[in-house]
Structures are given as C-alpha cells and as structure tokens.
$ cat protein_7.tsv   # TSV, C-alpha atoms
chain	number	residue	atom	x	y	z
A	28	MET	CA	95.97	88.51	13.65
A	29	ALA	CA	98.72	90.68	12.18
A	30	LEU	CA	98.03	93.13	9.39
A	31	LYS	CA	100.80	94.25	7.04
A	32	ILE	CA	100.60	97.58	5.32
A	33	ARG	CA	103.03	99.40	3.08
A	34	LEU	CA	102.94	103.17	3.23
A	35	LYS	CA	104.11	105.43	0.44
A	36	PRO	CA	106.11	108.61	1.26
A	37	LYS	CA	104.03	111.22	3.08
A	38	GLU	CA	101.00	108.94	3.17
A	39	LYS	CA	98.57	109.39	6.08
A	40	VAL	CA	96.89	106.54	7.87
A	41	ILE	CA	94.65	106.11	10.94
A	42	ILE	CA	95.96	103.46	13.32
A	43	GLY	CA	93.73	102.98	16.36
A	44	SER	CA	92.97	106.53	17.42
A	45	ALA	CA	96.20	108.03	16.08
A	46	VAL	CA	96.77	109.79	12.77
A	47	VAL	CA	100.18	108.69	11.53
A	48	ILE	CA	102.06	110.39	8.67
A	49	ASN	CA	104.77	108.46	6.90
A	50	GLY	CA	108.21	109.95	6.28
A	51	LYS	CA	110.27	110.32	3.11
A	52	ASN	CA	110.58	106.64	2.15
A	53	ASN	CA	108.25	103.69	1.75
A	54	SER	CA	107.51	101.97	5.07
A	55	ASP	CA	106.38	98.47	5.82
A	56	LEU	CA	104.36	98.21	9.00
A	57	VAL	CA	102.95	95.17	10.76
A	58	ILE	CA	100.12	95.80	13.22
A	59	GLU	CA	99.90	92.87	15.58
A	60	ASN	CA	96.61	93.38	17.39
A	61	ASN	CA	93.09	93.94	16.22
A	62	ILE	CA	92.54	97.72	16.06
A	63	PRO	CA	91.05	99.97	13.37
A	64	ILE	CA	93.34	100.74	10.46
A	65	LEU	CA	92.25	103.08	7.68
A	66	ARG	CA	94.40	104.25	4.79
A	67	GLU	CA	94.03	107.71	3.33
A	68	LYS	CA	92.39	106.44	0.13
A	69	ASP	CA	89.69	104.67	2.15
A	70	ILE	CA	88.69	107.71	4.17
A	71	ILE	CA	85.98	110.17	3.23
A	72	ASN	CA	85.13	113.41	5.04
A	73	GLU	CA	81.74	114.58	6.08
A	74	GLU	CA	81.63	117.19	3.26
A	75	ASP	CA	82.30	114.46	0.70
A	76	ALA	CA	79.48	112.26	2.07
A	77	ASN	CA	76.94	114.00	-0.13
A	78	THR	CA	75.04	111.11	-1.73
A	79	PRO	CA	72.84	108.60	0.11
A	80	CYS	CA	75.22	105.67	-0.32
A	81	ARG	CA	78.29	107.76	0.53
A	82	ARG	CA	76.58	108.64	3.78
A	83	ILE	CA	76.20	104.95	4.50
A	84	TYR	CA	79.93	104.53	3.81
A	85	PHE	CA	80.63	107.43	6.16
A	86	VAL	CA	78.60	106.00	9.02
A	87	VAL	CA	80.23	102.58	8.64
A	88	GLN	CA	83.57	104.42	8.79
A	89	LEU	CA	82.45	106.03	12.05
A	90	MET	CA	81.49	102.62	13.46
A	91	TYR	CA	85.03	101.46	12.67
A	92	ILE	CA	86.97	104.30	14.27
A	93	ASP	CA	84.52	105.46	16.95
A	94	GLU	CA	83.45	102.33	18.80
A	95	LYS	CA	82.31	104.19	21.90
A	96	ASN	CA	79.23	105.61	20.18
A	97	MET	CA	78.31	102.43	18.38
A	98	ALA	CA	74.62	102.57	19.36
A	99	ASP	CA	74.21	106.07	17.86
A	100	HIS	CA	75.96	105.05	14.68
A	101	HIS	CA	73.79	101.95	14.40
A	102	SER	CA	70.59	103.97	14.59
A	103	THR	CA	71.86	106.47	11.99
A	104	TYR	CA	72.84	103.54	9.80
A	105	TRP	CA	69.36	102.03	9.85
A	106	GLN	CA	67.72	105.39	9.07
A	107	LEU	CA	69.97	105.85	6.06
A	108	VAL	CA	69.47	102.23	4.95
A	109	ARG	CA	65.69	102.53	5.13
A	110	ASP	CA	65.73	105.61	2.86
A	111	VAL	CA	68.10	104.01	0.37
A	112	VAL	CA	66.24	100.69	0.15
A	113	ASN	CA	62.92	102.53	-0.32
A	114	ALA	CA	64.40	104.50	-3.20
A	115	CYS	CA	66.37	101.72	-4.81
A	116	PRO	CA	65.40	98.20	-3.69
A	117	SER	CA	68.15	96.47	-5.63
A	118	THR	CA	70.71	97.86	-3.17
A	119	ILE	CA	69.36	95.46	-0.53
A	120	LEU	CA	71.79	92.85	-1.76
A	121	PHE	CA	74.73	95.09	-0.83
A	122	ILE	CA	73.08	96.23	2.40
A	123	ASP	CA	72.66	92.60	3.44
A	124	GLN	CA	76.39	91.91	3.08
A	125	ILE	CA	77.39	95.15	4.80
A	126	SER	CA	75.04	94.46	7.69
A	127	GLN	CA	76.27	90.91	8.10
A	128	HIS	CA	79.86	92.12	8.40
A	129	ILE	CA	78.84	94.75	10.93
A	130	LEU	CA	76.97	92.11	12.93
A	131	SER	CA	80.10	89.93	12.95
A	132	GLY	CA	82.18	92.89	14.07
A	133	GLN	CA	84.24	93.00	10.87
A	134	HIS	CA	83.87	96.65	9.99
A	135	TYR	CA	86.78	96.70	7.58
A	136	LYS	CA	85.05	94.17	5.34
A	137	ALA	CA	81.81	96.15	5.69
A	138	LEU	CA	83.67	99.20	4.38
A	139	LYS	CA	84.89	97.29	1.34
A	140	ILE	CA	81.33	96.31	0.41
A	141	ALA	CA	80.16	99.86	1.12
A	142	ARG	CA	82.70	101.06	-1.43
A	143	LYS	CA	81.07	98.74	-4.01
A	144	LEU	CA	77.68	100.13	-3.00
A	145	VAL	CA	78.86	103.66	-3.76
A	146	ALA	CA	80.09	102.53	-7.19
A	147	TYR	CA	76.74	100.82	-7.82
A	148	GLU	CA	74.91	104.00	-6.87
A	149	GLN	CA	76.94	105.94	-9.41
A	150	GLU	CA	75.97	103.48	-12.12
A	151	VAL	CA	72.27	103.58	-11.25
A	152	VAL	CA	72.23	107.37	-11.17
A	153	LYS	CA	74.23	107.62	-14.39
A	154	ASN	CA	71.62	105.50	-16.17
A	155	ALA	CA	68.86	107.75	-14.89
A	156	ARG	CA	70.72	110.88	-15.97
A	157	SER	CA	71.38	109.53	-19.46
A	158	SER	CA	67.79	108.37	-19.94
A	159	ILE	CA	66.51	111.81	-18.93
A	160	ARG	CA	68.69	113.33	-21.60
A	161	CYS	CA	67.14	111.01	-24.17
A	162	ILE	CA	63.73	112.57	-23.70
B	28	MET	CA	36.60	61.10	-42.49
B	29	ALA	CA	37.74	59.83	-39.06
B	30	ILE	CA	35.91	61.32	-36.10
B	31	ASN	CA	39.08	62.28	-34.22
B	32	ASP	CA	40.63	64.19	-37.09
B	33	ILE	CA	39.95	67.92	-36.81
B	34	SER	CA	41.42	69.96	-39.53
B	35	LEU	CA	41.59	73.74	-39.20
B	36	THR	CA	42.01	76.24	-41.91
B	37	ALA	CA	44.92	78.71	-41.54
B	38	GLY	CA	42.49	81.49	-40.60
B	39	MET	CA	40.78	79.44	-37.92
B	40	ARG	CA	44.13	78.42	-36.50
B	41	ALA	CA	45.28	82.04	-36.32
B	42	ASN	CA	42.09	83.05	-34.52
B	43	LEU	CA	42.47	80.21	-32.07
B	44	ILE	CA	46.05	81.15	-31.21
B	45	SER	CA	45.11	84.80	-30.78
B	46	LEU	CA	42.28	83.82	-28.46
B	47	GLN	CA	44.60	81.66	-26.37
B	48	GLY	CA	47.03	84.59	-26.12
B	49	SER	CA	44.28	86.88	-24.82
B	50	VAL	CA	43.26	84.33	-22.23
B	51	ASP	CA	46.87	84.07	-21.00
B	52	LEU	CA	47.10	87.85	-20.70
B	53	LEU	CA	43.82	87.97	-18.81
B	54	ASN	CA	44.98	85.30	-16.39
B	55	ARG	CA	48.28	87.08	-15.77
B	56	THR	CA	46.61	90.42	-15.09
B	57	GLN	CA	44.16	88.81	-12.70
B	58	GLU	CA	46.99	87.14	-10.86
B	59	ARG	CA	48.83	90.43	-10.50
B	60	LEU	CA	45.71	92.18	-9.32
B	61	SER	CA	44.99	89.57	-6.71
B	62	THR	CA	48.48	89.28	-5.26
B	63	GLY	CA	49.63	92.87	-5.82
B	64	LYS	CA	53.00	91.66	-7.00
B	65	LYS	CA	54.55	92.05	-10.40
B	66	ILE	CA	56.75	89.07	-9.79
B	67	ASN	CA	54.95	86.07	-8.39
B	68	SER	CA	56.99	83.15	-9.52
B	69	ALA	CA	60.31	82.45	-11.12
B	70	LEU	CA	58.70	82.75	-14.54
B	71	ASP	CA	57.85	86.41	-14.12
B	72	GLY	CA	61.30	87.76	-13.40
B	73	PRO	CA	63.77	85.09	-12.36
B	74	THR	CA	66.53	87.31	-11.00
B	75	ALA	CA	64.32	89.40	-8.77
B	76	TYR	CA	62.29	86.39	-7.65
B	77	PHE	CA	65.25	84.30	-6.56
B	78	ALA	CA	66.97	87.29	-4.98
B	79	SER	CA	63.82	88.02	-3.06
B	80	GLN	CA	63.48	84.41	-1.90
B	81	ALA	CA	67.13	84.38	-0.85
B	82	LEU	CA	66.54	87.47	1.28
B	83	LEU	CA	63.57	85.87	3.00
B	84	ALA	CA	65.69	82.79	3.73
B	85	ARG	CA	68.42	85.04	5.23
B	86	ALA	CA	65.83	86.83	7.33
B	87	SER	CA	64.59	83.52	8.66
B	88	ASP	CA	68.15	82.35	9.53
B	89	LEU	CA	68.73	85.62	11.35
B	90	SER	CA	65.51	85.05	13.28
B	91	VAL	CA	67.01	81.90	14.71
B	92	LEU	CA	70.15	83.79	15.76
B	93	LYS	CA	68.02	86.49	17.29
B	94	ASP	CA	66.14	83.95	19.38
B	95	GLY	CA	69.47	82.68	20.71
B	96	MET	CA	70.42	86.22	21.69
B	97	GLY	CA	67.06	86.68	23.40
B	98	GLN	CA	67.62	83.53	25.49
B	99	ALA	CA	71.08	84.72	26.44
B	100	ILE	CA	69.64	88.02	27.62
B	101	GLN	CA	67.13	86.22	29.84
B	102	THR	CA	69.89	84.01	31.26
B	103	ILE	CA	72.03	87.02	32.14
B	104	LYS	CA	69.07	88.79	33.71
B	105	ALA	CA	68.31	85.73	35.84
B	106	ALA	CA	71.89	85.70	37.09
B	107	ASP	CA	71.72	89.42	37.79
B	108	ALA	CA	68.55	88.97	39.88
B	109	GLY	CA	70.32	86.19	41.79
B	110	ILE	CA	73.30	88.45	42.52
B	111	LYS	CA	70.99	91.14	43.87
B	112	GLY	CA	69.24	88.63	46.12
B	113	ILE	CA	72.51	87.20	47.45
B	114	THR	CA	73.84	90.68	48.13
B	115	ALA	CA	70.77	91.41	50.25
B	116	LEU	CA	71.33	88.19	52.21
B	117	ILE	CA	74.96	89.14	52.83
B	118	GLU	CA	73.92	92.54	54.11
B	119	ALA	CA	71.56	90.78	56.51
B	120	ALA	CA	74.41	88.54	57.65
B	121	LYS	CA	76.56	91.59	58.34
B	122	GLY	CA	73.77	92.92	60.55
B	123	LEU	CA	73.94	89.71	62.56
B	124	THR	CA	77.68	90.11	63.16
B	125	GLN	CA	77.15	93.62	64.46
B	126	SER	CA	74.50	92.38	66.91
B	127	ALA	CA	76.77	89.54	67.97
B	128	ARG	CA	79.50	91.81	69.24
B	129	SER	CA	77.25	93.18	71.98
B	130	ALA	CA	75.51	89.90	72.77
B	131	ASP	CA	76.21	87.42	75.56
B	132	THR	CA	77.28	83.81	74.97
B	133	ALA	CA	73.73	82.47	74.61
B	134	GLY	CA	72.80	85.32	72.32
B	135	ARG	CA	75.88	84.69	70.21
B	136	VAL	CA	74.99	81.03	69.77
B	137	ALA	CA	71.54	82.02	68.47
B	138	LEU	CA	72.98	84.62	66.09
B	139	ALA	CA	75.60	82.21	64.82
B	140	THR	CA	72.87	79.69	64.00
B	141	GLN	CA	70.95	82.37	62.07
B	142	PHE	CA	74.16	83.24	60.26
B	143	ASP	CA	74.63	79.64	59.11
B	144	ASP	CA	70.98	79.62	57.96
B	145	LEU	CA	71.60	82.66	55.80
B	146	LEU	CA	74.54	80.89	54.19
B	147	THR	CA	72.23	78.00	53.29
B	148	GLN	CA	69.77	80.48	51.77
B	149	ILE	CA	72.61	81.96	49.71
B	150	ASP	CA	73.43	78.50	48.38
B	151	GLU	CA	69.80	77.95	47.42
B	152	MET	CA	69.52	81.30	45.71
B	153	ALA	CA	72.66	80.61	43.68
B	154	LEU	CA	71.26	77.27	42.52
B	155	ASP	CA	67.99	78.95	41.61
B	156	SER	CA	69.38	81.61	39.27
B	157	GLY	CA	69.43	79.62	36.08
B	158	TYR	CA	67.37	80.01	32.92
B	159	GLN	CA	66.44	77.01	30.79
B	160	GLY	CA	69.24	74.87	32.14
B	161	THR	CA	72.08	77.40	32.12
B	162	ASN	CA	73.06	78.94	35.45
B	163	LEU	CA	75.70	81.64	35.39
B	164	LEU	CA	75.85	81.52	39.19
B	165	ALA	CA	76.80	77.86	39.09
B	166	ALA	CA	79.85	78.40	36.88
B	167	ASP	CA	78.03	77.48	33.66
B	168	THR	CA	79.25	79.02	30.42
B	169	LEU	CA	77.05	80.60	27.77
B	170	VAL	CA	78.10	80.98	24.14
B	171	VAL	CA	76.10	83.42	21.99
B	172	ASN	CA	76.49	83.28	18.22
B	173	PHE	CA	76.24	86.44	16.15
B	174	ASN	CA	76.52	84.80	12.76
B	175	GLU	CA	75.49	81.49	11.26
B	176	ASP	CA	78.88	79.78	11.09
B	177	GLY	CA	79.80	80.72	14.65
B	178	THR	CA	82.90	82.70	13.72
B	179	SER	CA	81.55	85.71	15.56
B	180	GLN	CA	80.42	84.94	19.07
B	181	ILE	CA	80.75	85.92	22.69
B	182	THR	CA	81.45	83.57	25.59
B	183	ILE	CA	79.91	84.52	28.93
B	184	THR	CA	81.62	82.73	31.78
B	185	GLY	CA	79.67	82.09	34.96
B	186	PHE	CA	81.09	81.78	38.45
B	187	ASP	CA	80.27	79.84	41.59
B	188	ALA	CA	78.10	82.00	43.86
B	189	SER	CA	77.54	79.47	46.61
B	190	ALA	CA	78.34	80.81	50.07
B	191	THR	CA	81.27	78.67	51.20
B	192	ALA	CA	82.73	77.03	48.10
B	193	GLY	CA	82.19	79.99	45.77
B	194	LEU	CA	82.22	83.19	47.81
B	195	GLY	CA	84.47	81.92	50.59
B	196	ILE	CA	82.18	82.70	53.52
B	197	ASP	CA	82.94	80.22	56.30
B	198	LEU	CA	80.33	78.98	58.77
B	199	ALA	CA	80.31	80.70	62.14
B	200	ILE	CA	83.34	79.50	64.10
B	201	LEU	CA	82.75	78.15	67.63
B	202	ASP	CA	79.36	79.88	67.77
B	203	TRP	CA	81.12	83.26	67.85
B	204	ALA	CA	82.31	82.91	71.40
B	205	LEU	CA	85.40	84.94	70.52
B	206	ASP	CA	85.33	88.44	68.95
B	207	THR	CA	88.14	87.49	66.57
B	208	ASP	CA	85.90	84.88	64.99
B	209	ILE	CA	83.23	87.51	64.41
B	210	ASP	CA	85.90	89.67	62.72
B	211	LEU	CA	86.79	86.77	60.44
B	212	ALA	CA	83.14	86.46	59.41
B	213	VAL	CA	82.98	90.18	58.59
B	214	THR	CA	86.13	89.93	56.46
B	215	ASP	CA	84.62	86.99	54.57
B	216	LEU	CA	81.40	88.92	53.95
B	217	ASP	CA	83.21	92.00	52.63
B	218	ALA	CA	85.31	89.91	50.28
B	219	ALA	CA	82.16	88.19	49.01
B	220	ILE	CA	80.46	91.52	48.25
B	221	SER	CA	83.52	92.61	46.31
B	222	THR	CA	83.51	89.39	44.26
B	223	LEU	CA	79.83	89.82	43.49
B	224	ARG	CA	80.34	93.43	42.38
B	225	THR	CA	83.14	92.53	39.99
B	226	ASN	CA	81.18	89.69	38.42
B	227	SER	CA	78.05	91.81	38.21
B	228	SER	CA	79.81	94.51	36.22
B	229	VAL	CA	81.24	91.95	33.79
B	230	LEU	CA	77.76	90.50	33.29
B	231	SER	CA	76.40	93.99	32.78
B	232	SER	CA	78.81	94.77	29.97
B	233	ASN	CA	78.10	91.36	28.38
B	234	LEU	CA	74.40	92.18	28.54
B	235	ASN	CA	75.07	95.47	26.71
B	236	VAL	CA	76.93	93.74	23.90
B	237	VAL	CA	74.25	91.09	23.38
B	238	THR	CA	71.39	93.61	23.57
B	239	ASN	CA	73.11	95.82	20.97
B	240	ARG	CA	73.59	92.89	18.64
B	241	GLU	CA	69.99	91.78	19.17
B	242	ASP	CA	68.70	95.25	18.22
B	243	PHE	CA	70.92	95.26	15.15
B	244	THR	CA	69.67	91.81	14.13
B	245	THR	CA	66.05	92.89	14.56
B	246	ASN	CA	66.63	95.88	12.28
B	247	MET	CA	68.40	93.66	9.79
B	248	ILE	CA	65.54	91.16	9.66
B	249	LYS	CA	63.10	94.03	9.09
B	250	ALA	CA	65.24	95.54	6.32
B	251	LEU	CA	65.64	92.19	4.55
B	252	THR	CA	61.92	91.35	4.74
B	253	GLU	CA	60.86	94.79	3.50
B	254	GLY	CA	63.58	94.76	0.86
B	255	SER	CA	62.44	91.38	-0.35
B	256	ASP	CA	58.89	92.69	-0.81
B	257	LYS	CA	60.14	95.77	-2.61
B	258	LEU	CA	62.29	93.77	-4.99
B	259	THR	CA	59.18	92.09	-6.35
B	260	LEU	CA	57.54	95.47	-6.92
B	261	ALA	CA	60.64	97.15	-8.23
B	262	ASP	CA	60.89	99.05	-11.43
B	263	MET	CA	64.56	99.32	-12.36
B	264	ASN	CA	63.91	102.46	-14.38
B	265	GLU	CA	62.63	104.34	-11.38
B	266	GLU	CA	65.56	103.46	-9.14
B	267	GLY	CA	67.98	105.99	-10.59
B	268	ALA	CA	65.43	108.78	-10.45
B	269	ASN	CA	64.47	107.83	-6.88
B	270	MET	CA	68.10	107.89	-5.82
B	271	LEU	CA	68.58	111.39	-7.25
B	272	MET	CA	65.47	112.62	-5.47
B	273	LEU	CA	66.72	111.15	-2.21
B	274	GLN	CA	70.07	112.86	-2.67
B	275	THR	CA	68.37	116.22	-3.17
B	276	ARG	CA	66.11	115.67	-0.19
B	277	GLN	CA	69.06	114.79	2.04
B	278	ALA	CA	71.02	117.82	0.85
B	279	LEU	CA	68.12	120.12	1.67
B	280	SER	CA	67.39	118.67	5.08
B	281	THR	CA	69.00	120.46	7.97
B	282	THR	CA	69.77	117.44	10.11
B	283	ALA	CA	73.45	116.60	9.91
B	284	LEU	CA	74.83	113.10	10.08
B	285	SER	CA	75.18	112.05	13.67
B	286	LEU	CA	78.66	113.07	14.67
B	287	SER	CA	78.35	112.83	18.38
B	288	ALA	CA	82.01	112.13	19.03
B	289	GLN	CA	84.35	115.10	19.07
B	290	ALA	CA	87.29	112.77	18.88
B	291	ALA	CA	86.10	111.16	15.66
B	292	GLN	CA	85.44	114.57	14.09
B	293	SER	CA	88.87	115.91	14.91
B	294	VAL	CA	90.56	112.78	13.61
B	295	LEU	CA	88.68	112.92	10.32
B	296	ARG	CA	89.35	116.64	9.93
B	297	LEU	CA	93.04	115.85	9.69
B	298	PHE	CA	92.27	114.17	6.40
B	299	ALA	CA	90.53	117.13	4.78
$ encode --input "protein_7.tsv" --output "structure tokens"
Amino acid sequence: MALKIRLKPKEKVIIGSAVVINGKNNSDLVIENNIPILREKDIINEEDANTPCRRIYFVVQLMYIDEKNMADHHSTYWQLVRDVVNACPSTILFIDQISQHILSGQHYKALKIARKLVAYEQEVVKNARSSIRCI
Amino acid sequence: MAINDISLTAGMRANLISLQGSVDLLNRTQERLSTGKKINSALDGPTAYFASQALLARASDLSVLKDGMGQAIQTIKAADAGIKGITALIEAAKGLTQSARSADTAGRVALATQFDDLLTQIDEMALDSGYQGTNLLAADTLVVNFNEDGTSQITITGFDASATAGLGIDLAILDWALDTDIDLAVTDLDAAISTLRTNSSVLSSNLNVVTNREDFTTNMIKALTEGSDKLTLADMNEEGANMLMLQTRQALSTTALSLSAQAAQSVLRLFA
C-alpha cells in the first residue's frame, strides 16, 4: 500500500524511525511499505500536550511511532480516556472511533479522529468560558 | 339533553388541563426517581438516547469479537502445552539412544522397540493438542478477527507435529544393530527439537498479539458501557467546566505522561 506525500522546502517529516528534512525544493515521495509517517503539522510535543484531549492525541502519536512499548501506551491511553469520559461524556463518540482504529491497527486514522477530538474539546471549553463570563 | 354530551365551561376546561399537566409532571418525576436516569426513552432526549443505545450495541458487538479472541488464546495455549509434552518425549528418546550405544544386540532391540513406542506417543500427543476442533499441531489454521468486517485480523498457521510425517523422526532402523543408525536417530531428534522451538516462538508472539488486542477490547467495552450510562445522565452545561477542572488537575499532578522509550523522546524532541 503506497503512500504519496509532497514535502514543501525545509519541511520535516518522520518516516519509520528517521527524521527526514526536505531540501530547497518541493519533493514528491512515495513510501511503498506500511511504516509510520508523520508530517510536521501532525506532530505535537510533550510540552504542547497540556489539555486532556491533547494528551490523548499525544499518546496515540506514541502508539504510532513507538510500537515496541505498545502495552504501556495502551494503559496510559485508557487512564486518560477514563478521566476525559468522566468529565465530558459526549466525547465517548470520538473515543469509540479512535479506539476502533487503534484496535484495527490503523493508528494514522486514529490520529485524524483525535485531531477532531481536540477541536471538539476547544469548543466545549470555549462555551464554558463564555458562560462563566456571562455571570 | 343527551346523556353522552358533557359540556364544560371555559374555566372548568382550564382547570382540567392544568390538572392533567400536573399529573404528567408527577409521573415523569417518579419515573426519573425510580430509574435514576434523566433520559429513559427516545422522548426524553432523542440524541443522547439513540447515541447511548448505539454505544451499547457497539459494546455488544465487541463482546462477540472478544470471545473469539479468548477462544484463540485457549487454542494457542493447548498447542503450546502439546509442544512441551512432545519435547519431553523427545528428550526421553534421546536418553534411549545414549543407552543403546553401550548395549548388546538384545538390549538394542529392546531399546529400539521403546523408541518406536515413544514415537507413537508423540503422534498421539500431537493429535490431542486441539481446542474445540482446531489443532495447531495438526496443521490447522486459525483466523482471529479484530474488527467486525474482518479487515483487521491475524492468521495463525499450525504445523504437523507428528513424529515421522511432521517432525521427520524415522523409526529405529534395523533395531539399532549398527552405531551409524543410532547416530541417524540422534540427528533426527535434534532436528525435531529445533523445529519445535521455532514454531513455539512464533506461537508465543502470536499469543502476545492476541492477548494485547483482547485486553484492549475489554477496556473498550468497559469504556463504551460506562460512557453510554453517563450520556443519559449528562448535563451539557457541566461538560465544559468539568473539562477545565480536569485540565487543571492534570497540570498540577506530578506524574508525567508515560514516555518510557528514549528513542521516541529523542525523535519528538527534534520537532520542538
């Protein structure tokens, strides 16, 4: 299953376990086999994982690029999920999709849904903040 | 005036409607008190109700998958027990070959007969290592599904663990009259042990994969069932506030996210 990506100049990307930096021009790459590929815009650092749903995104990211410690990442994932679902039950609909993709081994799709979860969290929190201001 | 004509004044009608409204409210409160749920049927809050039912249906589908994984684990364990048993029999057979070298012709005939017996026992043990009709030591194949449409699955291939046809251990040649024939038997036995070891380690890693997925599925079923309950109790207004509280709590707690892998850390640091 080949994956095509187009890199902009100086763009960084994780391919497998390597960090690859593009040169001066646009590049078109085709990756033939099934290994983790993460573009710069899809990566968040540990310092940036500072909200509950961003932490879930971060741990799914770890599952993708660090397969060796999958069991540890799974147990962290479920701890984080339990806290988030207790706080905000409507996120279960996202968690269900993310978990299904993880179960099927498709971590890239899980990351895409996790991104939507982070956006949803922002909305929910924004509503809370604005309603507090109304008081 | 006809008996079945009841005419109400406007005032009486208003009172009657108000009374009916109070009775409805009373019934609804009693229902909530007795079930503990704010949303009991589609009429109370259709979105949350149907979402909650959908989650319970998903949890029940996953239960079926989980059962399949559980069966697979038992099948692999049965094969593993069989491999251990056969290995012990092979070790015993090797002992016989060592005794045979220092035995006389009559002794060798007796030992060769015992050797052939052990091979029969190996055959029986191989046939006996199945679970619910699937025997990984009789070259059966096991397919384990990890999602409902079967697009994510693992295939566990069995092998033939019978003594002669599968593991290549020949019967004792000419009752071990010649030392070279004893050597041939020893070579066969060593090769068989090597085959068993290779297959055993493949089965072991398959077992790991299926056990991991089974644990994950168990957690998922729990999350969906609890989530489904919570959806029916949910107050959308509280969710934002709860999320903020959780964020603060996580920021204050000293436990860091599990970053056990140095390699992953160093890779991600390059993106700071």
$ interface_residues --input "protein_7.tsv" --of "chain A" --to "chain B" --cutoff "8 Å" --atoms "all atoms listed in the file" --output "JSON, numbers by chain"
{"A": [39, 44, 45, 46, 67, 70, 72, 77, 78, 79, 82, 89, 92, 93, 96, 98, 99, 100, 101, 103, 105, 109, 110, 111, 112, 113, 114, 115, 116, 117, 119, 123, 126, 127, 130, 131, 132, 148, 151, 152, 153, 154, 155, 156]}
$ closest_residue --input "protein_7.tsv" --among "A:Ile83, A:Met97, A:Val40, A:Ile140" --to "Leu56 (chain A)" --atoms "only C-alpha atoms"
A:Val40
$ atom_distance --input "protein_7.tsv" --atom1 "CA of Gly112 (chain B)" --atom2 "CA of Ala219 (chain B)"
13.2 Å
